[in-house]
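Structure data (compact mmCIF, C-alpha atoms) from query23.txt:
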```txt
# COMPACT_ATOMS: atom_id res chain seq x y z
CA MET A 1 -32.46 -70.04 64.71
CA HIS A 2 -33.42 -66.92 66.63
CA HIS A 3 -34.49 -68.83 69.76
CA ALA A 4 -31.86 -69.23 72.49
CA THR A 5 -31.24 -72.89 73.30
CA PRO A 6 -30.36 -74.18 76.78
CA LEU A 7 -26.86 -75.02 75.53
CA ILE A 8 -26.17 -71.52 74.23
CA SER A 9 -27.72 -69.74 77.22
CA THR A 10 -25.79 -71.93 79.66
CA ILE A 11 -22.45 -71.31 77.95
CA VAL A 12 -23.06 -67.58 77.47
CA GLY A 13 -24.50 -67.03 80.96
CA GLY A 14 -21.72 -69.00 82.64
CA ILE A 15 -18.80 -67.47 80.76
CA VAL A 16 -20.07 -63.85 80.82
CA LEU A 17 -20.85 -63.91 84.53
CA ALA A 18 -17.58 -65.72 85.26
CA PHE A 19 -15.72 -62.98 83.37
CA ILE A 20 -17.50 -60.16 85.23
CA LEU A 21 -17.18 -61.64 88.72
CA GLY A 22 -13.68 -62.94 88.00
CA ALA A 23 -12.65 -59.39 87.07
CA VAL A 24 -14.24 -58.07 90.28
CA ALA A 25 -12.35 -60.69 92.30
CA SER A 26 -9.07 -59.72 90.61
CA ARG A 27 -9.81 -56.05 91.32
CA LEU A 28 -10.19 -56.94 95.00
CA ARG A 29 -6.89 -58.88 94.81
CA LEU A 30 -8.67 -62.19 95.18
CA PRO A 31 -8.14 -65.25 92.94
CA PRO A 32 -10.42 -65.13 89.84
CA LEU A 33 -11.46 -68.65 90.82
CA ILE A 34 -13.63 -67.20 93.58
CA GLY A 35 -15.44 -65.08 90.99
CA TYR A 36 -16.11 -68.16 88.86
CA LEU A 37 -17.63 -70.00 91.83
CA CYS A 38 -19.79 -66.99 92.73
CA ALA A 39 -20.97 -66.85 89.11
CA GLY A 40 -22.21 -70.42 89.51
CA ILE A 41 -24.10 -69.50 92.67
CA VAL A 42 -25.76 -66.58 90.85
CA VAL A 43 -26.99 -68.74 87.94
CA GLY A 44 -27.79 -71.72 90.16
CA PRO A 45 -31.27 -72.87 91.22
CA HIS A 46 -30.85 -71.72 94.81
CA THR A 47 -30.73 -67.99 94.02
CA PRO A 48 -33.37 -65.80 92.34
CA GLY A 49 -33.17 -64.72 88.70
CA TYR A 50 -31.79 -66.58 85.70
CA THR A 51 -31.07 -70.30 86.21
CA ALA A 52 -28.69 -72.15 83.90
CA ASP A 53 -29.42 -75.69 82.74
CA GLN A 54 -28.35 -78.00 85.58
CA ALA A 55 -27.92 -81.00 83.31
CA LEU A 56 -25.81 -79.30 80.65
CA ALA A 57 -23.41 -77.39 82.93
CA PRO A 58 -21.71 -80.48 84.45
CA GLU A 59 -21.31 -82.05 81.01
CA LEU A 60 -19.66 -78.90 79.68
CA ALA A 61 -17.43 -78.85 82.74
CA GLU A 62 -16.41 -82.45 82.03
CA LEU A 63 -14.93 -81.25 78.74
CA GLY A 64 -12.67 -78.97 80.73
CA VAL A 65 -11.53 -81.90 82.87
CA ILE A 66 -10.80 -83.96 79.74
CA LEU A 67 -8.75 -81.21 78.06
CA LEU A 68 -6.91 -80.36 81.27
CA MET A 69 -5.89 -83.96 81.92
CA PHE A 70 -4.90 -84.33 78.26
CA GLY A 71 -2.58 -81.34 78.64
CA VAL A 72 -1.03 -82.79 81.78
CA GLY A 73 -0.49 -86.11 80.01
CA LEU A 74 1.41 -84.27 77.28
CA HIS A 75 3.97 -83.21 79.88
CA PHE A 76 3.93 -86.37 82.00
CA SER A 77 5.74 -89.34 80.49
CA ILE A 78 5.42 -92.97 81.54
CA LYS A 79 8.93 -92.72 82.95
CA ASP A 80 7.83 -89.83 85.18
CA LEU A 81 4.81 -91.81 86.40
CA MET A 82 6.94 -94.83 87.29
CA ALA A 83 9.44 -92.56 89.04
CA VAL A 84 6.88 -91.51 91.69
CA LYS A 85 5.02 -94.83 92.04
CA ARG A 86 6.77 -95.69 95.31
CA ILE A 87 5.25 -92.69 97.09
CA ALA A 88 2.17 -91.95 94.95
CA ILE A 89 0.56 -95.39 95.25
CA PRO A 90 0.99 -96.11 98.98
CA GLY A 91 0.66 -92.43 99.86
CA ALA A 92 -2.67 -91.99 98.07
CA VAL A 93 -4.06 -95.26 99.45
CA VAL A 94 -3.11 -94.41 103.06
CA GLN A 95 -4.41 -90.84 102.72
CA ILE A 96 -7.73 -92.07 101.32
CA GLY A 97 -8.00 -94.49 104.23
CA ILE A 98 -7.28 -91.81 106.85
CA ALA A 99 -9.71 -89.29 105.33
CA THR A 100 -12.42 -91.97 105.04
CA LEU A 101 -11.98 -92.96 108.68
CA MET A 102 -12.21 -89.31 109.75
CA GLY A 103 -15.42 -88.95 107.73
CA MET A 104 -16.88 -92.09 109.32
CA LEU A 105 -16.02 -90.78 112.79
CA VAL A 106 -17.74 -87.44 112.12
CA SER A 107 -20.75 -89.21 110.58
CA TRP A 108 -21.07 -91.30 113.74
CA GLY A 109 -21.60 -88.00 115.56
CA PHE A 110 -24.37 -87.22 113.06
CA GLY A 111 -26.08 -90.47 113.98
CA TRP A 112 -25.49 -92.08 110.59
CA SER A 113 -24.84 -95.76 109.86
CA TRP A 114 -21.36 -97.03 109.01
CA GLY A 115 -22.34 -97.42 105.35
CA GLN A 116 -23.47 -93.79 105.13
CA GLY A 117 -20.25 -92.73 106.83
CA LEU A 118 -18.16 -94.76 104.39
CA VAL A 119 -19.63 -93.01 101.34
CA TYR A 120 -19.35 -89.62 103.07
CA GLY A 121 -15.71 -90.25 104.01
CA LEU A 122 -14.76 -91.52 100.57
CA ALA A 123 -16.26 -88.41 98.97
CA LEU A 124 -14.04 -86.23 101.19
CA SER A 125 -10.88 -88.22 100.46
CA VAL A 126 -10.26 -87.39 96.79
CA ALA A 127 -8.99 -84.07 95.46
CA SER A 128 -10.28 -82.18 92.43
CA THR A 129 -8.35 -82.71 89.19
CA VAL A 130 -9.11 -79.22 87.89
CA VAL A 131 -8.27 -77.31 91.08
CA LEU A 132 -5.02 -79.16 91.71
CA LEU A 133 -3.71 -78.89 88.16
CA LYS A 134 -4.75 -75.26 87.76
CA ALA A 135 -2.83 -74.34 90.92
CA LEU A 136 0.27 -76.28 89.83
CA GLN A 137 0.19 -74.80 86.32
CA GLU A 138 -0.10 -71.24 87.64
CA ARG A 139 3.14 -71.83 89.60
CA ASN A 140 4.94 -73.85 86.90
CA LEU A 141 5.10 -76.83 89.24
CA VAL A 142 3.57 -79.54 87.03
CA GLU A 143 6.99 -80.75 85.87
CA SER A 144 8.70 -80.20 89.23
CA PRO A 145 9.41 -83.16 91.57
CA GLN A 146 6.55 -82.19 93.90
CA GLY A 147 4.27 -81.60 90.90
CA ARG A 148 4.98 -85.07 89.53
CA ILE A 149 4.24 -86.61 92.92
CA ALA A 150 0.99 -84.62 93.20
CA VAL A 151 -0.18 -85.66 89.72
CA GLY A 152 0.77 -89.29 90.31
CA TRP A 153 -1.06 -89.17 93.65
CA LEU A 154 -4.09 -87.76 91.86
CA ILE A 155 -4.05 -90.55 89.26
CA VAL A 156 -4.08 -93.18 92.02
CA GLU A 157 -6.98 -91.39 93.72
CA ASP A 158 -8.91 -91.34 90.45
CA LEU A 159 -8.34 -95.08 89.99
CA ALA A 160 -9.56 -95.72 93.52
CA MET A 161 -12.72 -93.67 92.88
CA VAL A 162 -13.39 -95.50 89.61
CA LEU A 163 -13.28 -98.74 91.61
CA ALA A 164 -15.57 -97.27 94.28
CA LEU A 165 -18.13 -96.09 91.72
CA VAL A 166 -18.25 -99.55 90.15
CA LEU A 167 -18.56 -101.39 93.47
CA LEU A 168 -21.04 -99.04 95.13
CA PRO A 169 -24.16 -100.27 93.30
CA ALA A 170 -23.22 -103.90 93.97
CA MET A 171 -22.82 -103.17 97.68
CA ALA A 172 -25.82 -100.84 98.02
CA GLY A 173 -27.88 -103.33 100.02
CA LEU A 174 -25.07 -103.89 102.50
CA LEU A 175 -24.12 -100.21 102.88
CA ALA A 176 -27.67 -98.92 103.17
CA GLY A 177 -28.12 -100.97 106.35
CA ALA A 178 -31.39 -100.27 108.09
CA GLY A 179 -32.38 -97.83 105.36
CA ALA A 180 -32.57 -100.56 102.70
CA PRO A 181 -35.82 -102.38 101.94
CA SER A 182 -36.25 -105.48 104.10
CA GLY A 183 -36.20 -107.78 101.09
CA ASP A 184 -32.83 -106.55 99.83
CA ALA A 185 -29.78 -108.61 100.63
CA GLY A 186 -26.20 -107.50 100.51
CA PRO A 187 -23.91 -108.96 97.89
CA GLY A 188 -21.93 -112.07 98.71
CA THR A 189 -18.15 -112.13 99.03
CA GLY A 190 -17.85 -113.80 95.65
CA GLU A 191 -19.80 -111.03 93.93
CA VAL A 192 -17.66 -108.32 95.49
CA VAL A 193 -14.40 -110.07 94.59
CA LEU A 194 -15.66 -110.66 91.05
CA ALA A 195 -16.61 -106.96 90.69
CA ILE A 196 -13.16 -105.89 91.90
CA PHE A 197 -11.33 -108.16 89.47
CA ALA A 198 -13.63 -107.12 86.63
CA THR A 199 -12.90 -103.44 87.28
CA LEU A 200 -9.15 -103.96 87.55
CA GLY A 201 -9.27 -106.05 84.40
CA LYS A 202 -11.00 -103.25 82.45
CA VAL A 203 -8.44 -100.68 83.60
CA ALA A 204 -5.56 -103.02 82.75
CA ALA A 205 -7.06 -103.70 79.32
CA PHE A 206 -7.38 -99.98 78.59
CA VAL A 207 -3.79 -99.30 79.66
CA ALA A 208 -2.56 -102.20 77.53
CA VAL A 209 -4.44 -100.95 74.46
CA MET A 210 -3.01 -97.44 74.92
CA LEU A 211 0.55 -98.66 75.41
CA VAL A 212 0.52 -101.23 72.61
CA ILE A 213 -1.74 -99.64 69.97
CA GLY A 214 -2.31 -96.01 70.95
CA ARG A 215 1.37 -95.43 71.63
CA ARG A 216 2.10 -96.15 67.96
CA PHE A 217 -1.04 -94.99 66.17
CA ILE A 218 -1.68 -91.57 67.77
CA PRO A 219 1.79 -90.05 67.14
CA TRP A 220 1.84 -91.60 63.64
CA MET A 221 -1.56 -90.09 62.80
CA LEU A 222 -0.65 -86.57 63.94
CA GLU A 223 2.68 -86.77 62.16
CA ARG A 224 0.87 -87.46 58.87
CA ILE A 225 -1.45 -84.49 59.51
CA VAL A 226 1.55 -82.20 60.11
CA TRP A 227 3.00 -83.23 56.76
CA THR A 228 -0.11 -81.84 55.03
CA GLY A 229 0.75 -78.38 56.36
CA ASN A 230 -2.88 -77.78 57.39
CA ARG A 231 -2.85 -76.20 60.86
CA GLU A 232 -6.62 -76.39 61.18
CA MET A 233 -6.59 -80.16 60.66
CA PHE A 234 -3.79 -80.55 63.21
CA ARG A 235 -5.81 -78.64 65.79
CA LEU A 236 -8.85 -80.76 65.02
CA GLY A 237 -6.77 -83.94 65.21
CA VAL A 238 -5.49 -83.00 68.69
CA LEU A 239 -9.01 -82.26 69.89
CA ALA A 240 -10.37 -85.49 68.36
CA THR A 241 -7.61 -87.49 70.05
CA ALA A 242 -8.30 -86.02 73.50
CA LEU A 243 -12.08 -86.32 73.34
CA GLY A 244 -12.20 -89.58 71.38
CA VAL A 245 -9.84 -91.51 73.63
CA ALA A 246 -11.49 -90.12 76.78
CA TYR A 247 -14.95 -91.16 75.61
CA GLY A 248 -13.71 -94.52 74.34
CA ALA A 249 -12.08 -95.24 77.68
CA TYR A 250 -15.38 -94.56 79.44
CA ALA A 251 -17.68 -96.33 76.97
CA LEU A 252 -15.57 -99.43 76.31
CA PHE A 253 -13.57 -99.94 79.50
CA GLY A 254 -15.50 -98.12 82.23
CA VAL A 255 -12.50 -95.85 82.92
CA SER A 256 -13.14 -92.21 83.83
CA PHE A 257 -12.95 -89.49 81.16
CA ALA A 258 -10.09 -87.86 83.06
CA LEU A 259 -7.90 -90.96 83.12
CA GLY A 260 -8.64 -91.71 79.47
CA ALA A 261 -7.59 -88.20 78.44
CA PHE A 262 -4.48 -88.39 80.64
CA PHE A 263 -3.25 -91.56 78.91
CA ALA A 264 -4.05 -90.06 75.48
CA GLY A 265 -1.80 -87.12 76.29
CA MET A 266 0.87 -89.36 77.76
CA VAL A 267 1.22 -91.50 74.62
CA LEU A 268 1.18 -88.37 72.45
CA ALA A 269 3.99 -86.92 74.58
CA GLU A 270 6.39 -89.29 72.80
CA SER A 271 5.75 -87.41 69.56
CA GLU A 272 7.97 -84.50 68.57
CA PHE A 273 4.80 -82.40 68.13
CA SER A 274 3.64 -82.68 71.77
CA HIS A 275 4.45 -79.05 72.63
CA ARG A 276 2.52 -77.80 69.61
CA ALA A 277 -0.42 -80.02 70.58
CA ALA A 278 -0.40 -78.51 74.09
CA GLU A 279 -0.49 -74.98 72.68
CA GLU A 280 -3.38 -75.79 70.33
CA SER A 281 -5.55 -77.24 73.13
CA LEU A 282 -4.85 -74.44 75.63
CA PRO A 283 -7.66 -71.95 74.74
CA LEU A 284 -10.44 -74.54 74.85
CA ARG A 285 -8.98 -76.05 77.99
CA ASP A 286 -9.08 -72.75 79.88
CA ALA A 287 -12.61 -71.88 78.69
CA PHE A 288 -14.14 -75.19 79.75
CA ALA A 289 -12.19 -75.22 83.02
CA VAL A 290 -14.03 -71.99 83.90
CA LEU A 291 -17.35 -73.74 83.23
CA PHE A 292 -16.31 -76.46 85.67
CA PHE A 293 -16.07 -73.95 88.51
CA VAL A 294 -19.36 -72.37 87.46
CA SER A 295 -21.03 -75.79 87.63
CA VAL A 296 -19.66 -76.32 91.16
CA GLY A 297 -21.17 -73.02 92.27
CA MET A 298 -24.54 -73.99 90.74
CA LEU A 299 -24.79 -77.01 93.02
CA PHE A 300 -24.27 -75.02 96.21
CA ASP A 301 -27.21 -74.01 98.40
CA PRO A 302 -26.08 -71.09 100.62
CA MET A 303 -28.76 -71.94 103.21
CA VAL A 304 -26.79 -74.99 104.33
CA LEU A 305 -24.36 -72.55 106.01
CA VAL A 306 -27.24 -71.29 108.16
CA ASN A 307 -29.10 -74.55 108.70
CA ASP A 308 -26.12 -76.83 109.40
CA PRO A 309 -23.05 -74.73 110.35
CA TRP A 310 -21.40 -77.34 112.59
CA GLY A 311 -21.75 -80.02 109.94
CA VAL A 312 -20.17 -77.71 107.37
CA LEU A 313 -17.29 -76.84 109.71
CA ALA A 314 -16.61 -80.50 110.44
CA THR A 315 -16.63 -81.31 106.73
CA VAL A 316 -14.28 -78.45 105.84
CA PHE A 317 -11.97 -79.39 108.73
CA ILE A 318 -11.56 -82.93 107.39
CA ILE A 319 -10.86 -81.67 103.85
CA VAL A 320 -8.55 -78.75 104.62
CA VAL A 321 -6.85 -79.79 107.88
CA GLY A 322 -7.24 -83.54 108.27
CA LYS A 323 -6.30 -84.52 104.71
CA SER A 324 -3.46 -81.99 104.59
CA LEU A 325 -1.83 -83.18 107.80
CA ALA A 326 -2.20 -86.80 106.69
CA ALA A 327 -0.56 -86.05 103.31
CA LEU A 328 2.23 -84.03 104.94
CA GLY A 329 3.00 -86.83 107.39
CA ILE A 330 3.01 -89.46 104.64
CA VAL A 331 5.34 -87.46 102.37
CA ARG A 332 7.73 -86.74 105.24
CA ALA A 333 7.67 -90.42 106.26
CA PHE A 334 8.93 -91.28 102.77
CA GLY A 335 11.94 -89.01 103.32
CA HIS A 336 10.94 -86.03 101.17
CA SER A 337 11.56 -82.42 102.20
CA GLY A 338 9.16 -80.29 104.20
CA GLN A 339 8.68 -78.04 101.14
CA THR A 340 7.55 -81.00 99.03
CA GLY A 341 5.32 -82.21 101.85
CA MET A 342 3.60 -78.85 102.24
CA THR A 343 3.09 -78.51 98.48
CA ILE A 344 1.43 -81.91 98.31
CA ALA A 345 -0.63 -81.17 101.43
CA VAL A 346 -1.95 -77.85 100.10
CA SER A 347 -2.60 -79.38 96.66
CA LEU A 348 -4.87 -82.05 98.16
CA ALA A 349 -6.72 -79.73 100.59
CA GLN A 350 -9.89 -79.61 98.45
CA ILE A 351 -12.41 -81.91 96.81
CA GLY A 352 -14.19 -81.78 93.48
CA GLU A 353 -15.69 -83.71 90.59
CA PHE A 354 -15.38 -87.29 91.85
CA SER A 355 -16.82 -86.22 95.20
CA PHE A 356 -19.93 -84.84 93.47
CA ILE A 357 -20.38 -88.02 91.43
CA LEU A 358 -19.94 -90.28 94.44
CA ALA A 359 -22.34 -88.22 96.57
CA SER A 360 -24.98 -88.17 93.83
CA LEU A 361 -24.71 -91.93 93.35
CA GLY A 362 -24.92 -92.46 97.11
CA VAL A 363 -28.15 -90.47 97.31
CA TYR A 364 -29.58 -92.23 94.25
CA LEU A 365 -28.87 -95.65 95.80
CA LYS A 366 -30.43 -94.44 99.10
CA ILE A 367 -27.16 -94.97 100.97
CA LEU A 368 -26.17 -91.35 101.65
CA PRO A 369 -28.77 -88.96 103.13
CA GLU A 370 -29.42 -85.71 101.29
CA ARG A 371 -27.84 -83.88 104.22
CA GLY A 372 -24.60 -85.68 103.38
CA GLN A 373 -24.70 -84.49 99.78
CA ALA A 374 -25.37 -80.91 100.91
CA LEU A 375 -22.39 -81.03 103.31
CA ILE A 376 -20.11 -82.47 100.63
CA LEU A 377 -21.09 -79.71 98.18
CA ALA A 378 -20.57 -77.02 100.83
CA GLY A 379 -17.21 -78.53 101.76
CA ALA A 380 -16.18 -78.61 98.10
CA LEU A 381 -17.08 -74.99 97.46
CA LEU A 382 -15.44 -73.66 100.63
CA SER A 383 -12.30 -75.78 100.20
CA ILE A 384 -11.92 -74.70 96.56
CA MET A 385 -12.26 -71.06 97.65
CA LEU A 386 -9.71 -71.58 100.44
CA ASN A 387 -7.19 -73.45 98.26
CA PRO A 388 -5.76 -70.36 96.48
CA VAL A 389 -5.40 -68.70 99.88
CA LEU A 390 -3.46 -71.70 101.19
CA PHE A 391 -1.21 -71.67 98.12
CA HIS A 392 -0.61 -67.94 98.60
CA MET A 393 0.41 -68.57 102.22
CA LEU A 394 2.75 -71.32 101.03
CA ASP A 395 4.26 -68.98 98.42
CA VAL A 396 4.87 -66.32 101.08
CA TYR A 397 6.45 -68.87 103.41
CA THR A 398 8.66 -70.22 100.62
CA ALA A 399 9.78 -66.71 99.59
CA ARG A 400 10.66 -65.76 103.17
CA ARG A 401 12.55 -69.00 103.66
CA SER A 402 14.48 -68.40 100.43
CA ARG A 403 15.43 -64.88 101.52
CA GLY A 404 16.54 -66.21 104.88
CA ALA A 405 18.75 -68.78 103.18
CA ASP A 406 20.46 -66.17 100.95
CA PRO A 407 23.86 -65.04 102.20
CA GLN A 408 23.81 -61.52 103.59
CA PRO A 409 26.02 -58.93 101.83
CA ALA A 410 29.10 -57.79 103.64
```

Here is the file; what I need is its structure written in the form of C-alpha cells.
Amino acid sequence: MHHATPLISTIVGGIVLAFILGAVASRLRLPPLIGYLCAGIVVGPHTPGYTADQALAPELAELGVILLMFGVGLHFSIKDLMAVKRIAIPGAVVQIGIATLMGMLVSWGFGWSWGQGLVYGLALSVASTVVLLKALQERNLVESPQGRIAVGWLIVEDLAMVLALVLLPAMAGLLAGAGAPSGDAGPGTGEVVLAIFATLGKVAAFVAVMLVIGRRFIPWMLERIVWTGNREMFRLGVLATALGVAYGAYALFGVSFALGAFFAGMVLAESEFSHRAAEESLPLRDAFAVLFFVSVGMLFDPMVLVNDPWGVLATVFIIVVGKSLAALGIVRAFGHSGQTGMTIAVSLAQIGEFSFILASLGVYLKILPERGQALILAGALLSIMLNPVLFHMLDVYTARRSRGADPQPA
C-alpha cells in the first residue's frame, strides 16, 4: 500500500497544483480557472517534469461533468426546458450550422477536404458544459431567463453532438475523401438514414424511461432514505443516482454521460428534497470540475502557438467572435433583449469536452489531420481562458448601464 498508484498521483498532482496556481491567479486578480488550466499544462506530457496519467485525467474530469449537469438538472424542471424550446432548439441548430460553415471555410484555406473541414467546424460549434455552467453559477444566472435559454441551448448542442459521434464512424469513408483507402466506400443513403433514426430512437427511449419510470422511482427511493434519518446514506443515494443514471444512459442508450446526469437531476427536482440533494453533491462537483480544467491543460502543446500562429488565431476567431455574433443575432431575431443576447453570446464563446471527443474520433478515423486536433485543443484552451475576461467585460457593461438607468438625485 506504500506505492503511489497512477490514480492517486494524478488526483493529488492535479488538485495540489491547481490549488497553488489557482491561488497565484487569484492573487494577480485573474480568474482561478486560468490557474487550473496552467496546472494541466505543467503536469502534461508537453512540458518537462512530472507527467500525470493521460488516460485517467479525462475520466476523472468526466465525473465533474456528470455531477455538474446533475446539479443543473436539480434546478431545471421539465416546464423550464419546454419554456425555452422555441429559441433553444432552432437557435442552437442555426448556430451550429453557422459555426460549422465558418470552420469549413477556414479549412479550405488550409487546403483540407470538405470532410476534414466538416469535422473541424463541428468541433468548434459546441460549447463546454463545465465552463458555461460554472460561469452562470458564479453569477447566479442558472435560474434566470437568459440562464435557462443558455442551458436549453447547451442541451440541444449536446444532443446534436451525440448524433454526430454516432454517425461519424458510419460516414468515415465518405468524409475521409482522398485520404481513405481506395477500397473503402462511403455509406449509402439508407445506412445514414437508418443510423439517424436509430440514434433518435435511443434518445427518445431514454427520455421515456426517465419520465415514466425514473420520475416516480428516484424521488420515492430518496424519500425512503430520508425517513431512516441516516444522512450518510442520503448522500450516497444522491451520488449513486447521479452516477448510476449517467452511466446507464451511456451504456444502454448511447446517450452522453452529461445528458444522462441532467435528466437524473431533472426528475429528482420534483422531490421536496432536491435542494438538500444539491447541497450534498456540491463539494464533489467542485473538486472534479477542477480536474476537468486540469485535463484540458494536459492536452495542450504550447509549441502550436509558435508553429501555427495563424491557424490558432483563425480557430480562436471562429470560437470567440464568429459564434458569439451568430448567437447574438439569433437571440435578437427572436425578440429577446440585447442583455440576454450578450449573455448567451458570451456563454457560448468557448469549446470543451465534446470538441475534444469529436477531434479525437476524427483523427482515429483518419478524417481529421493531427494539425486539426492541435488547433482545436489550442482554441479550446485560449477560449476557456478568455471566457472569464469576456464575462467580466459584460458585468462591467451591465453595471454601467444600470447606473445610467438609475434616476439622478435632485

Can you list every residue of region 94-123 of chain A that has an atom at most 10 Å from region 375-392 of chain A, with its nearest atom pair and the distance in Å to one decimal, using all atoms listed in the file, ordered by chain then number, as a Markdown table?
```
| residue | atom | partner | partner_atom | distance |
| --- | --- | --- | --- | --- |
| A:Tyr120 | CA | A:Ile376 | CA | 7.6 |
| A:Gly121 | CA | A:Ile376 | CA | 9.6 |
| A:Ala123 | CA | A:Ile376 | CA | 7.3 |
```

Could you work out how far CA of Val65 (chain A) lies from CA of Met104 (chain A), giving the answer in Å with one decimal?
->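 Between these atoms lies a distance of 28.8 Å.
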
Write out as an NGL selection string the residues lying within 10 Å of Pro145 (chain A), counting only C-alpha atoms and excluding same-chain residues fewer than 2 positions away.
-> :A and (80 or 83-84 or 141-143 or 147-150 or 340)

Writer output for current selection, C-alpha atoms, as a compact mmCIF listing (two decimals), in the frame of the given file:
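Generated file (out38.txt):
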```txt
# COMPACT_ATOMS: atom_id res chain seq x y z
CA ASP A 80 7.83 -89.83 85.18
CA ALA A 83 9.44 -92.56 89.04
CA VAL A 84 6.88 -91.51 91.69
CA LEU A 141 5.10 -76.83 89.24
CA VAL A 142 3.57 -79.54 87.03
CA GLU A 143 6.99 -80.75 85.87
CA GLY A 147 4.27 -81.60 90.90
CA ARG A 148 4.98 -85.07 89.53
CA ILE A 149 4.24 -86.61 92.92
CA ALA A 150 0.99 -84.62 93.20
CA THR A 340 7.55 -81.00 99.03
```

To one decimal place, how far is CA of Thr343 (chain A) from CA of Leu133 (chain A) in Å?
-> 12.4 Å

Find, counting all atoms listed in the file, the residue in A:Leu132, A:Ile344, A:Leu7, A:Ile330 that gets nearest to Gln95 (chain A).
->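 Checking each candidate against Gln95 (chain A), we get A:Ile330 as the closest.
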